[in-house]
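query_4.tsv (TSV, C-alpha atoms)
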```
chain	number	residue	atom	x	y	z
A	138	MET	CA	-1.33	35.15	-37.69
A	139	ALA	CA	-4.30	33.72	-39.61
A	140	GLU	CA	-7.42	35.87	-39.37
A	141	LEU	CA	-10.99	35.16	-40.44
A	142	GLU	CA	-13.71	37.60	-41.32
A	143	THR	CA	-17.08	37.34	-39.63
A	144	ARG	CA	-18.64	36.32	-42.95
A	145	GLU	CA	-16.18	33.44	-43.27
A	146	LEU	CA	-16.99	32.25	-39.77
A	147	GLU	CA	-20.68	32.33	-40.64
A	148	TYR	CA	-19.98	30.17	-43.70
A	149	PHE	CA	-18.04	27.67	-41.59
A	150	ILE	CA	-20.67	27.57	-38.82
A	151	ALA	CA	-23.47	26.89	-41.32
A	152	VAL	CA	-21.60	23.90	-42.78
A	153	ALA	CA	-20.60	22.66	-39.32
A	154	GLU	CA	-24.19	22.77	-38.07
A	155	GLU	CA	-25.78	21.32	-41.19
A	156	LEU	CA	-22.94	18.85	-41.97
A	157	HIS	CA	-24.10	19.17	-45.56
A	158	PHE	CA	-22.75	21.69	-48.07
A	159	GLY	CA	-25.98	21.82	-50.05
A	160	ARG	CA	-28.20	22.60	-47.06
A	161	ALA	CA	-25.68	25.11	-45.74
A	162	ALA	CA	-25.57	26.88	-49.11
A	163	VAL	CA	-29.38	27.16	-49.16
A	164	ARG	CA	-29.32	28.50	-45.59
A	165	LEU	CA	-26.74	31.12	-46.58
A	166	SER	CA	-28.39	31.91	-49.93
A	167	ILE	CA	-25.16	31.33	-51.87
A	168	ALA	CA	-24.11	28.82	-54.51
A	169	GLN	CA	-22.72	25.52	-53.22
A	170	PRO	CA	-19.49	25.72	-55.31
A	171	ALA	CA	-18.78	29.17	-53.86
A	172	LEU	CA	-19.33	27.85	-50.34
A	173	SER	CA	-17.05	24.86	-50.92
A	174	LYS	CA	-14.35	27.17	-52.26
A	175	ALA	CA	-14.70	29.46	-49.24
A	176	ILE	CA	-14.28	26.55	-46.81
A	177	ARG	CA	-11.17	25.32	-48.65
A	178	ARG	CA	-9.76	28.84	-48.49
A	179	ILE	CA	-10.36	28.97	-44.71
A	180	GLU	CA	-8.66	25.59	-44.24
A	181	SER	CA	-5.69	26.70	-46.32
A	182	ARG	CA	-5.32	29.90	-44.34
A	183	LEU	CA	-5.52	28.11	-40.98
A	184	GLY	CA	-3.35	25.21	-42.09
A	185	VAL	CA	-5.76	22.55	-40.76
A	186	LEU	CA	-8.61	20.42	-42.07
A	187	LEU	CA	-11.94	21.44	-40.60
A	188	PHE	CA	-14.08	18.75	-42.23
A	189	VAL	CA	-13.70	15.15	-43.31
A	190	ARG	CA	-15.56	14.87	-46.61
A	191	SER	CA	-16.81	11.96	-48.65
A	192	SER	CA	-19.45	11.66	-51.35
A	193	ARG	CA	-22.08	10.82	-48.71
A	194	HIS	CA	-20.76	12.19	-45.47
A	195	VAL	CA	-19.40	15.40	-43.91
A	196	ALA	CA	-17.94	15.36	-40.39
A	197	LEU	CA	-16.06	17.81	-38.21
A	198	THR	CA	-12.41	17.19	-37.42
A	199	PRO	CA	-11.13	18.01	-33.90
A	200	ALA	CA	-9.90	21.33	-35.31
A	201	GLY	CA	-13.33	21.98	-36.79
A	202	ALA	CA	-15.07	21.18	-33.49
A	203	ALA	CA	-12.80	23.67	-31.70
A	204	LEU	CA	-13.44	26.38	-34.28
A	205	LEU	CA	-17.20	25.79	-34.07
A	206	GLN	CA	-17.22	26.22	-30.29
A	207	HIS	CA	-15.23	29.44	-30.29
A	208	GLY	CA	-16.49	30.70	-33.64
A	209	ARG	CA	-20.07	30.81	-32.39
A	210	HIS	CA	-19.00	32.97	-29.49
A	211	ALA	CA	-17.06	35.27	-31.82
A	212	VAL	CA	-19.97	35.78	-34.22
A	213	ASN	CA	-22.38	36.33	-31.33
A	214	ALA	CA	-20.00	38.85	-29.77
A	215	VAL	CA	-19.81	40.88	-32.98
A	216	SER	CA	-23.60	40.81	-33.35
A	217	ALA	CA	-24.08	41.82	-29.72
A	218	ALA	CA	-21.55	44.66	-30.03
A	219	VAL	CA	-23.43	46.11	-33.00
A	220	ARG	CA	-26.84	45.82	-31.33
A	221	ASN	CA	-25.64	47.25	-28.03
A	222	ALA	CA	-23.87	50.15	-29.73
A	223	GLN	CA	-27.08	51.02	-31.56
A	224	ARG	CA	-29.16	50.71	-28.38
A	225	ALA	CA	-26.69	52.67	-26.24
A	226	GLY	CA	-27.41	55.72	-28.38
A	227	ASP	CA	-31.17	55.28	-28.09
A	228	ALA	CA	-32.49	57.11	-25.02
A	229	GLU	CA	-35.87	55.40	-25.45
A	230	ALA	CA	-34.54	51.84	-25.73
A	231	HIS	CA	-36.69	49.16	-24.09
A	232	LEU	CA	-35.29	46.48	-21.79
A	233	ARG	CA	-35.64	43.03	-23.36
A	234	LEU	CA	-36.14	40.08	-20.99
A	235	VAL	CA	-36.17	36.54	-22.41
A	236	ILE	CA	-37.77	33.65	-20.50
A	237	LYS	CA	-38.97	30.12	-21.06
A	238	PRO	CA	-42.79	30.02	-21.34
A	239	GLY	CA	-43.99	29.18	-17.83
A	240	GLY	CA	-40.39	29.18	-16.60
A	241	ASP	CA	-40.50	32.06	-14.12
A	242	ALA	CA	-41.80	30.19	-11.01
A	243	ASN	CA	-44.36	33.01	-10.68
A	244	LEU	CA	-41.57	35.54	-10.13
A	245	LEU	CA	-42.16	37.64	-13.23
A	246	SER	CA	-45.11	39.73	-12.07
A	247	GLY	CA	-43.26	40.75	-8.88
A	248	ILE	CA	-40.10	41.59	-10.84
A	249	LEU	CA	-41.97	43.78	-13.30
A	250	ALA	CA	-44.01	45.51	-10.59
A	251	ALA	CA	-40.89	46.36	-8.57
A	252	TYR	CA	-39.08	47.66	-11.64
A	253	ALA	CA	-42.06	49.77	-12.74
A	254	ARG	CA	-41.87	51.70	-9.47
A	255	ARG	CA	-38.42	53.07	-10.37
A	256	PRO	CA	-38.52	56.64	-11.70
A	257	ASP	CA	-36.09	55.66	-14.48
A	258	ALA	CA	-37.94	52.47	-15.46
A	259	ARG	CA	-38.14	51.66	-19.17
A	260	ARG	CA	-40.70	49.53	-20.92
A	261	VAL	CA	-39.86	45.82	-20.60
A	262	ASP	CA	-40.37	43.68	-23.69
A	263	ILE	CA	-40.90	40.00	-22.80
A	264	LEU	CA	-39.42	37.51	-25.27
A	265	PHE	CA	-40.32	33.82	-25.05
A	266	SER	CA	-37.86	31.14	-26.03
A	267	GLY	CA	-37.34	27.48	-25.20
A	268	GLY	CA	-34.47	25.03	-25.00
A	269	THR	CA	-31.04	26.63	-25.06
A	270	ASP	CA	-32.13	29.62	-27.16
A	271	ARG	CA	-32.40	32.01	-24.21
A	272	VAL	CA	-28.63	31.93	-23.76
A	273	ASP	CA	-28.18	32.63	-27.48
A	274	HIS	CA	-30.50	35.63	-27.16
A	275	LEU	CA	-28.13	37.13	-24.58
A	276	ARG	CA	-24.94	36.34	-26.44
A	277	ASP	CA	-26.01	37.79	-29.77
A	278	GLY	CA	-27.70	40.87	-28.32
A	279	ARG	CA	-31.34	40.03	-29.01
A	280	ALA	CA	-32.07	40.21	-25.27
A	281	ASP	CA	-30.57	42.21	-22.41
A	282	VAL	CA	-31.39	39.91	-19.49
A	283	ALA	CA	-32.79	36.41	-19.12
A	284	LEU	CA	-34.31	34.09	-16.56
A	285	LEU	CA	-32.26	30.89	-16.78
A	286	TYR	CA	-32.30	27.52	-15.05
A	287	VAL	CA	-29.07	26.53	-13.31
A	288	PRO	CA	-27.32	24.10	-13.80
A	289	PHE	CA	-29.17	23.32	-17.04
A	290	ASP	CA	-28.32	26.48	-19.02
A	291	ASP	CA	-24.76	27.29	-20.09
A	292	LEU	CA	-23.60	30.37	-18.17
A	293	ASP	CA	-20.23	30.73	-19.87
A	294	GLY	CA	-19.56	34.45	-20.40
A	295	LEU	CA	-22.65	35.47	-18.44
A	296	ALA	CA	-23.01	37.16	-15.07
A	297	HIS	CA	-25.90	35.87	-12.97
A	298	GLU	CA	-27.63	36.13	-9.63
A	299	THR	CA	-29.84	33.43	-8.09
A	300	LEU	CA	-33.44	34.49	-7.51
A	301	TYR	CA	-35.09	31.22	-6.47
A	302	VAL	CA	-34.06	27.68	-5.45
A	303	GLU	CA	-36.39	24.71	-5.80
A	304	GLY	CA	-36.32	20.92	-5.68
A	305	ARG	CA	-36.72	18.60	-8.63
A	306	VAL	CA	-39.46	16.06	-9.15
A	307	ALA	CA	-39.95	12.94	-11.25
A	308	ILE	CA	-42.84	13.34	-13.69
A	309	LEU	CA	-44.49	9.96	-14.15
A	310	PRO	CA	-47.63	8.53	-15.74
A	311	ALA	CA	-50.28	8.04	-13.07
A	312	ASP	CA	-50.14	4.25	-13.57
A	313	HIS	CA	-46.33	4.02	-13.32
A	314	PRO	CA	-45.10	1.57	-10.62
A	315	LEU	CA	-43.26	4.41	-8.85
A	316	ALA	CA	-46.14	6.88	-8.98
A	317	SER	CA	-47.45	5.90	-5.52
A	318	HIS	CA	-44.14	6.61	-3.75
A	319	ALA	CA	-43.95	9.61	-1.42
A	320	GLU	CA	-40.39	10.33	-2.59
A	321	LEU	CA	-37.73	8.82	-4.83
A	322	ARG	CA	-33.98	8.75	-5.29
A	323	MET	CA	-32.15	8.92	-8.62
A	324	ALA	CA	-31.20	5.25	-8.24
A	325	ASP	CA	-34.89	4.36	-8.30
A	326	LEU	CA	-35.08	5.82	-11.82
A	327	ALA	CA	-32.15	3.85	-13.24
A	328	GLY	CA	-33.10	2.28	-16.56
A	329	GLU	CA	-36.00	4.63	-17.18
A	330	THR	CA	-36.22	6.38	-20.55
A	331	MET	CA	-35.54	10.11	-20.25
A	332	PRO	CA	-36.14	12.85	-22.87
A	333	ARG	CA	-33.50	14.18	-25.23
A	334	TRP	CA	-33.62	17.97	-25.11
A	335	LYS	CA	-33.06	19.66	-28.45
A	336	GLY	CA	-29.66	21.34	-28.53
A	337	VAL	CA	-28.36	19.41	-25.49
A	338	SER	CA	-25.82	16.70	-26.29
A	339	ASP	CA	-25.85	14.79	-22.98
A	340	GLY	CA	-29.56	14.15	-22.58
A	341	GLY	CA	-31.47	10.89	-22.27
A	342	SER	CA	-32.27	8.20	-24.81
A	343	GLY	CA	-35.96	8.99	-25.30
A	344	PRO	CA	-37.76	11.11	-27.90
A	345	GLU	CA	-36.34	14.58	-28.61
A	346	VAL	CA	-38.39	17.42	-27.15
A	347	VAL	CA	-38.08	21.20	-27.18
A	348	ASP	CA	-40.23	22.12	-24.16
A	349	VAL	CA	-42.37	20.76	-21.35
A	350	ALA	CA	-45.60	21.16	-23.34
A	351	GLN	CA	-44.22	18.76	-25.96
A	352	MET	CA	-42.88	16.39	-23.33
A	353	THR	CA	-45.93	15.84	-21.12
A	354	PRO	CA	-48.11	13.99	-23.67
A	355	LEU	CA	-45.22	11.57	-24.26
A	356	ILE	CA	-44.97	10.91	-20.54
A	357	THR	CA	-48.73	10.41	-20.29
A	358	VAL	CA	-48.63	7.61	-22.87
A	359	GLY	CA	-45.66	5.94	-21.23
A	360	ARG	CA	-42.93	6.79	-23.73
A	361	MET	CA	-40.63	8.23	-21.04
A	362	ILE	CA	-40.38	9.99	-17.70
A	363	ALA	CA	-38.50	13.16	-16.73
A	364	VAL	CA	-36.87	14.85	-13.73
A	365	LEU	CA	-37.53	18.59	-13.75
A	366	PRO	CA	-37.76	21.64	-11.49
A	367	ARG	CA	-41.12	21.53	-9.73
A	368	SER	CA	-42.28	24.93	-11.01
A	369	LEU	CA	-42.13	23.76	-14.63
A	370	VAL	CA	-44.89	21.21	-14.08
A	371	GLU	CA	-47.27	23.11	-11.82
A	372	PRO	CA	-50.16	22.72	-12.02
A	373	VAL	CA	-49.58	19.03	-12.71
A	374	PRO	CA	-51.25	17.98	-15.99
A	375	ALA	CA	-54.04	15.40	-15.81
A	376	GLY	CA	-52.80	11.84	-16.02
A	377	LEU	CA	-49.38	12.64	-14.53
A	378	VAL	CA	-47.89	12.45	-11.04
A	379	CYS	CA	-44.95	14.41	-9.61
A	380	VAL	CA	-42.80	12.73	-6.95
A	381	PRO	CA	-39.93	14.57	-5.20
A	382	VAL	CA	-36.47	13.21	-6.00
A	383	THR	CA	-34.60	13.78	-2.77
A	384	ASP	CA	-31.03	13.43	-4.03
A	385	ALA	CA	-31.43	15.31	-7.33
A	386	SER	CA	-29.42	18.52	-7.31
A	387	PRO	CA	-31.69	21.52	-6.71
A	388	SER	CA	-32.59	23.84	-9.55
A	389	ARG	CA	-31.96	27.57	-9.37
A	390	ILE	CA	-33.71	30.27	-11.35
A	391	ALA	CA	-31.23	33.05	-12.02
A	392	ILE	CA	-31.29	36.44	-13.67
A	393	ALA	CA	-28.43	36.49	-16.19
A	394	TRP	CA	-26.82	39.08	-18.45
A	395	PRO	CA	-23.60	39.32	-20.50
A	396	GLU	CA	-20.80	39.84	-17.99
A	397	ARG	CA	-19.24	42.66	-20.04
A	398	ASP	CA	-22.50	44.59	-20.40
A	399	ARG	CA	-22.13	47.76	-18.31
A	400	ARG	CA	-25.07	49.72	-19.70
A	401	PRO	CA	-27.13	51.62	-17.09
A	402	LEU	CA	-30.27	50.12	-18.63
A	403	VAL	CA	-29.18	46.63	-17.55
A	404	ALA	CA	-27.44	47.64	-14.31
A	405	ALA	CA	-30.53	49.39	-12.95
A	406	PHE	CA	-32.73	46.36	-13.58
A	407	VAL	CA	-30.28	43.85	-12.10
A	408	CYS	CA	-29.48	45.96	-9.02
A	409	LEU	CA	-33.18	46.30	-8.30
A	410	LEU	CA	-33.51	42.52	-8.07
A	411	TYR	CA	-30.81	42.31	-5.41
A	412	THR	CA	-32.96	44.32	-3.03
A	413	SER	CA	-36.56	43.49	-3.97
A	414	LEU	CA	-36.66	39.69	-4.19
```
If you convert what's in this file into structure tokens, what do you get?
Amino acid sequence: MAELETRELEYFIAVAEELHFGRAAVRLSIAQPALSKAIRRIESRLGVLLFVRSSRHVALTPAGAALLQHGRHAVNAVSAAVRNAQRAGDAEAHLRLVIKPGGDANLLSGILAAYARRPDARRVDILFSGGTDRVDHLRDGRADVALLYVPFDDLDGLAHETLYVEGRVAILPADHPLASHAELRMADLAGETMPRWKGVSDGGSGPEVVDVAQMTPLITVGRMIAVLPRSLVEPVPAGLVCVPVTDASPSRIAIAWPERDRRPLVAAFVCLLYTSL
């Protein structure tokens, strides 16, 4: 059976994400010829081509795409195992909670206050991250728990519990023809330009954005509109209007953690939320 070392997977992932051997070599701080040789060695060992190469272009093969998907999980799992092992032996370890800036629907203060009342409460370090990075924080061990938006965040390999359910609204420029409507349906928004979220492959056709703060000025000047959970755009920025979209699937804010994480530090925090919110 062919086996790969974690270092080899990291080499492959860098090339697969950059799709450029030179940039990947700089990212890894190794020489490009050494990286190219390492990738050829991996392909030989697996018996498949991972990349289609030309003088101007590098692309993933189907085998490469499959290895990228599962290889990321494998590297993250190793990293998480190391971090969790180190933290399990630390009696003073802090709980690390990662959230999107402004993405807690005003739940965070109540969560922290309830947890602080426990006699075994630890200090909670709040980490802020946007886009899809919060999930990565959980998978590679940088965070213990996260507040995620369902169905927008990928929950594969994560346990989760819903804390809050809310409707979604269309965010429109104040002078948009639909801005005066009391409510909308998704069909009313057909043909509108929507944002492309960084790291999300099935987004809209508009400008790429990483967070709501970057998105709202583009909506104000008419470059696009968006459909988002209401709490992400409250209070509504000047020059914009929010209109409920009645048939958009509701958004759920969930507390999430790696499903195989059985540490008391995490269990105590999660169990508290079942009874206090």
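Residues surrounding Val287 (chain A) within 9 Å are Thr299, Pro387, Ser388, Arg389, Ile390 and Ala391 of chain A [all atoms listed in the file; sequence separation below 6 positions excluded].
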Given all atoms listed in the file as the counted atoms, nearest of A:Val282, A:Val358, A:Leu410, A:Leu205 to Tyr301 (chain A):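 Result for the nearest residue to Tyr301 (chain A): A:Leu410.
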Please check which residues have atoms at most 10 Å from (-4.7, 20.9, -39.1) in the file's coordinates, counting only C-alpha atoms, and write them as a list in words. Glu180, Ser181, Leu183, Gly184, Val185, Leu186, Leu187, Thr198, Pro199, Ala200 and Gly201 of chain A
Just to confirm, what's the straight-line distance from CA of Ala375 (chain A) to CA of Asp290 (chain A) in Å (one decimal)? 28.2 Å
Residues within 12 Å of (-36.6, 18.6, -13.9), file coords, all atoms listed in the file, listed as a VMD selection string: chain A and resid 240 286 to 289 303 to 309 323 331 to 332 334 348 to 349 352 362 to 371 379 to 382 385 to 389
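Closest approach to Leu409 (chain A) from the set A:Ala250, A:His210, A:Asp273, A:Gly359 is made by A:Ala250, with distances taken over all atoms listed in the file.
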Separating CA of Leu172 (chain A) from CA of Phe158 (chain A), to the nearest tenth of an Å, is a gap of 7.4 Å
Coordinates of box centre and edge lengths for region 240-243 of chain A, 3 Å on every side, axis-aligned, as AutoDock Vina command-line options:
```
--center_x -42.4 --center_y 31.1 --center_z -13.6 --size_x 10.0 --size_y 9.8 --size_z 11.9
```
My list of candidates is A:Pro256, A:Gly328, A:Gly278, A:Pro344. Which is closest to Ala214 (chain A) when distances are computed with only C-alpha atoms?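 Smallest distance to Ala214 (chain A) is found for A:Gly278.
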If I take CA of Pro354 (chain A) and CA of Arg333 (chain A), how far is one from the other in Å, to one decimal?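 Atom-to-atom, CA of Pro354 (chain A) to CA of Arg333 (chain A), that is 14.7 Å.
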Taking only C-alpha atoms into account, name the residue in A:Lys237, A:Arg260, A:His297, A:Arg164 that is nearest to Val152 (chain A).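 Closest residue, counting only C-alpha atoms: A:Arg164.
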Shortest interatomic distance to Leu285 (chain A) - which of A:Asp262, A:Leu300, A:Ala316, A:Ala393, counting only C-alpha atoms: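 Result for the nearest residue to Leu285 (chain A): A:Ala393.
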